[in-house]
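A.B. asks: Here you go, this is query_19.cif (mmCIF, C-alpha atoms).
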data_upload
#
loop_
_atom_site.label_atom_id
_atom_site.label_comp_id
_atom_site.auth_asym_id
_atom_site.auth_seq_id
_atom_site.Cartn_x
_atom_site.Cartn_y
_atom_site.Cartn_z
CA MET A 1 62.05 102.44 113.24
CA GLU A 2 64.71 99.90 114.29
CA GLU A 3 65.20 98.86 110.67
CA GLN A 4 65.74 102.48 109.61
CA ARG A 5 68.39 102.94 112.35
CA VAL A 6 70.26 99.91 111.00
CA ILE A 7 70.04 101.27 107.44
CA ASN A 8 71.25 104.71 108.56
CA THR A 9 74.17 103.16 110.46
CA ILE A 10 75.21 101.07 107.46
CA ASN A 11 75.07 104.09 105.14
CA GLN A 12 77.15 106.09 107.61
CA ILE A 13 79.96 103.56 108.05
CA MET A 14 80.27 101.96 104.60
CA PRO A 15 82.55 104.71 103.18
CA ALA A 16 85.09 103.86 105.93
CA VAL A 17 85.11 100.08 105.28
CA VAL A 18 88.21 98.94 103.38
CA SER A 19 89.43 95.76 101.74
CA ILE A 20 92.89 94.53 102.58
CA VAL A 21 94.68 92.42 99.97
CA VAL A 22 97.60 90.21 100.98
CA SER A 23 100.20 89.55 98.27
CA LYS A 24 103.51 87.72 98.07
CA HIS A 25 106.26 87.51 95.48
CA LEU A 26 105.83 84.47 93.23
CA GLU A 27 109.39 83.32 93.97
CA ASP A 28 108.75 83.40 97.72
CA ILE A 29 105.64 81.30 97.30
CA GLU A 30 107.45 78.73 95.16
CA LYS A 31 110.42 78.29 97.48
CA ASN A 32 108.34 77.99 100.65
CA ILE A 33 105.90 75.27 99.61
CA PRO A 34 106.12 72.23 101.90
CA ALA A 35 107.42 69.11 100.12
CA GLU A 36 104.26 67.11 100.82
CA LEU A 37 102.09 69.80 99.21
CA TYR A 38 104.50 70.44 96.31
CA ALA A 39 103.93 66.94 94.91
CA GLU A 40 100.18 67.59 94.59
CA LEU A 41 100.38 70.93 92.76
CA PRO A 42 100.30 71.29 88.95
CA LYS A 43 103.75 71.85 87.43
CA ILE A 44 105.21 73.57 84.40
CA GLY A 45 108.62 72.86 82.85
CA THR A 46 110.70 69.69 83.10
CA GLY A 47 113.48 68.26 85.22
CA LYS A 48 115.24 70.61 87.64
CA HIS A 49 113.60 73.60 85.92
CA GLN A 50 110.14 72.37 86.87
CA LYS A 51 108.12 74.67 89.12
CA ILE A 52 104.55 75.00 90.30
CA GLY A 53 102.14 76.32 87.73
CA ILE A 54 100.49 79.38 89.18
CA PRO A 55 98.21 80.68 86.41
CA GLU A 56 99.57 83.82 84.73
CA ASP A 57 96.38 85.76 85.40
CA MET A 58 97.04 85.40 89.15
CA VAL A 59 100.46 87.09 88.86
CA ASP A 60 100.49 90.87 88.53
CA ASP A 61 102.98 93.02 86.59
CA HIS A 62 105.30 93.11 89.64
CA GLY A 63 105.44 89.32 90.11
CA MET A 64 103.02 89.41 93.05
CA VAL A 65 100.31 86.84 93.76
CA GLU A 66 97.27 87.55 95.91
CA VAL A 67 97.30 85.04 98.78
CA GLY A 68 94.62 86.37 101.10
CA GLY A 69 92.55 89.26 102.22
CA GLY A 70 90.15 90.72 104.70
CA SER A 71 88.62 93.98 105.73
CA GLY A 72 89.15 96.85 108.10
CA PHE A 73 87.84 100.25 109.11
CA ILE A 74 89.35 103.70 108.79
CA VAL A 75 89.34 105.18 112.29
CA GLU A 76 91.37 108.36 111.68
CA PRO A 77 91.07 110.58 108.58
CA GLU A 78 94.89 110.54 108.22
CA GLY A 79 94.87 106.88 107.15
CA ILE A 80 94.79 104.87 110.39
CA ILE A 81 92.99 101.55 109.88
CA VAL A 82 91.94 98.88 112.36
CA THR A 83 91.73 95.27 111.20
CA ASN A 84 92.24 91.80 112.62
CA LYS A 85 95.75 90.57 113.33
CA HIS A 86 95.06 87.35 111.39
CA VAL A 87 94.43 89.44 108.24
CA VAL A 88 97.98 90.84 108.33
CA SER A 89 99.99 87.89 109.63
CA GLU A 90 101.39 86.43 106.39
CA PRO A 91 105.21 86.11 106.68
CA GLY A 92 106.78 88.11 103.86
CA GLY A 93 103.39 89.42 102.80
CA GLU A 94 102.73 92.86 101.38
CA TYR A 95 99.45 94.57 102.17
CA THR A 96 97.33 96.82 99.97
CA VAL A 97 94.31 98.73 101.23
CA ILE A 98 91.47 99.30 98.77
CA LEU A 99 89.09 102.11 99.63
CA ASN A 100 85.42 102.22 98.75
CA ASP A 101 86.24 104.31 95.64
CA ASN A 102 88.64 101.51 94.50
CA SER A 103 91.77 103.59 95.12
CA ARG A 104 94.70 101.47 96.36
CA TYR A 105 97.36 102.25 98.94
CA PRO A 106 100.28 100.23 100.26
CA ALA A 107 99.82 99.66 103.97
CA GLU A 108 102.35 99.84 106.78
CA ILE A 109 101.66 97.65 109.81
CA LEU A 110 102.01 99.80 112.92
CA THR A 111 101.21 97.10 115.47
CA ARG A 112 99.69 93.65 115.94
CA ASP A 113 97.99 92.34 119.08
CA PRO A 114 97.87 88.54 118.88
CA LEU A 115 95.88 88.14 122.11
CA ASN A 116 92.98 90.29 120.94
CA ASP A 117 93.42 89.58 117.19
CA VAL A 118 93.71 93.29 116.38
CA ALA A 119 96.14 95.14 114.11
CA ILE A 120 96.60 98.80 113.23
CA LEU A 121 97.71 99.86 109.75
CA LYS A 122 98.67 103.19 108.20
CA ILE A 123 98.22 104.35 104.62
CA GLN A 124 99.52 107.59 103.13
CA ALA A 125 96.24 109.43 102.63
CA ASP A 126 94.26 112.11 104.39
CA LYS A 127 90.75 113.52 104.67
CA LEU A 128 89.38 109.97 104.64
CA PRO A 129 85.93 109.02 105.91
CA CYS A 130 86.21 107.28 109.26
CA VAL A 131 84.15 105.52 111.90
CA GLU A 132 84.16 106.22 115.59
CA LEU A 133 85.03 103.23 117.74
CA GLY A 134 82.32 102.27 120.20
CA ASP A 135 82.39 100.96 123.75
CA ALA A 136 81.51 97.27 123.89
CA THR A 137 81.42 97.25 127.70
CA HIS A 138 77.80 98.36 127.59
CA LEU A 139 76.62 95.56 125.28
CA GLU A 140 74.45 92.88 126.82
CA LEU A 141 74.28 89.19 126.02
CA GLY A 142 71.65 88.69 123.32
CA GLN A 143 71.73 92.28 122.12
CA GLY A 144 71.69 92.71 118.35
CA VAL A 145 74.84 93.91 116.60
CA ILE A 146 75.80 94.68 112.99
CA ALA A 147 78.81 93.03 111.36
CA VAL A 148 80.12 94.95 108.34
CA GLY A 149 83.09 94.12 106.17
CA ASN A 150 84.46 92.44 103.11
CA ALA A 151 84.05 88.78 103.95
CA LEU A 152 87.08 86.67 103.01
CA GLY A 153 88.39 89.64 101.03
CA ILE A 154 86.00 88.58 98.27
CA PHE A 155 82.49 89.76 99.13
CA ARG A 156 82.67 93.52 99.33
CA ASN A 157 80.32 95.58 101.44
CA THR A 158 78.67 92.69 103.26
CA VAL A 159 76.48 93.33 106.28
#
Kindly transcribe the structure held in the file into C-alpha cells.
C.D. replies:
Amino acid sequence: MEEQRVINTINQIMPAVVSIVVSKHLEDIEKNIPAELYAELPKIGTGKHQKIGIPEDMVDDHGMVEVGGGSGFIVEPEGIIVTNKHVVSEPGGEYTVILNDNSRYPAEILTRDPLNDVAILKIQADKLPCVELGDATHLELGQGVIAVGNALGIFRNTV
C-alpha cells in the first residue's frame, strides 16, 4: 500500500518537473577564464589569436555553451517555476526551461533567496501541469520523503 502511494505520487508530479539549462556566450566564457586555469586548457590557433578550444559540438547555433543545469517544479499553470537559487546563479548566464514534452522556453528570473537557496522563474506558457507546494512544518525527523528532479541537469526524471 505504501509503495503504491509513492508510485501514484511520482506519476502525479512528474509532468510538472522541469530541467533548467544554464548557457553562456562563448566569448564571455573565454574572456572570464582565470589565468591559472587558462594555461591548463586545450588551445586552438597560434600567438595572440590563440583561444581555448571548446569543442564545436558544445556550441549551439547562437554561440551559446551549456555550462550547468538543474531542475525545478511548475507551481502555477501560467509558467511559475520554483528551483534552487544555486541553479540560477551564473553571472551572465541565460536560462532555458525544458518541459517533460521536451519543449523549451527562455526563463526570466523573478527572484532569488540566497538564505533559503530558492529561486522563482517565469516562462511564457500557460495551462501547464503543476504541483501543489506542501507544508514541511508537519514533517518529523526520520519520516520518509521523496526527492524528484533532474539530477545535475543530466539524469532526467530521477526519484
A.B. asks: Which residue out of A:Tyr105, A:Gly142, A:Ala125, A:Ser19 has the minimum interatomic distance to Asn84 in chain A when all atoms listed in the file are used?
C.D. replies: A:Ser19
A.B. asks: For the file shown, what are the residues hit by the PyMOL selection byres ((chain A and resi 155) around 12), laid out as JSON, numbers by chain?
C.D. replies: {"A": [18, 19, 20, 69, 70, 71, 148, 149, 150, 151, 152, 153, 154, 156, 157, 158, 159]}
A.B. asks: Pick the closest to Glu90 in chain A from A:Val17, A:Ala147, A:Cys130, A:Ile109: which is it, counting all atoms listed in the file?
C.D. replies: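 Answer, going by the shortest atom-to-atom distance: A:Ile109.
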A.B. asks: Could you list, as a list of chain:residue names, every residue matched by the PyMOL selection byres ((chain A and resi 15) around 9) in this structure?
C.D. replies: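 Checking the PyMOL selection byres ((chain A and resi 15) around 9) against this file, the residues are A:Asn11, A:Gln12, A:Ile13, A:Met14, A:Ala16, A:Val17, A:Val18, A:Ile74, A:Leu99, A:Asn100, A:Asp101, A:Leu128, A:Pro129, A:Cys130, A:Val131.
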A.B. asks: Which residue gives the smallest distance to Thr83 in chain A among A:Pro106, A:Thr111, A:Val118, A:Leu133, with all atoms listed in the file counted?
C.D. replies: A:Val118
A.B. asks: Suppose you want the space between CA of Thr96 in chain A and CA of Ile81 in chain A; what is it in Å?
C.D. replies: 11.8 Å
A.B. asks: What is the distance, in Å and to one decimal place, between CA of Lys122 in chain A and CA of Ala107 in chain A?
C.D. replies: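 Between these atoms lies a distance of 5.6 Å.
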A.B. asks: One decimal, Å: what's the distance from CA of Ile123 in chain A over to CA of Arg104 in chain A, could you say?
C.D. replies: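 Between these atoms lies a distance of 9.4 Å.
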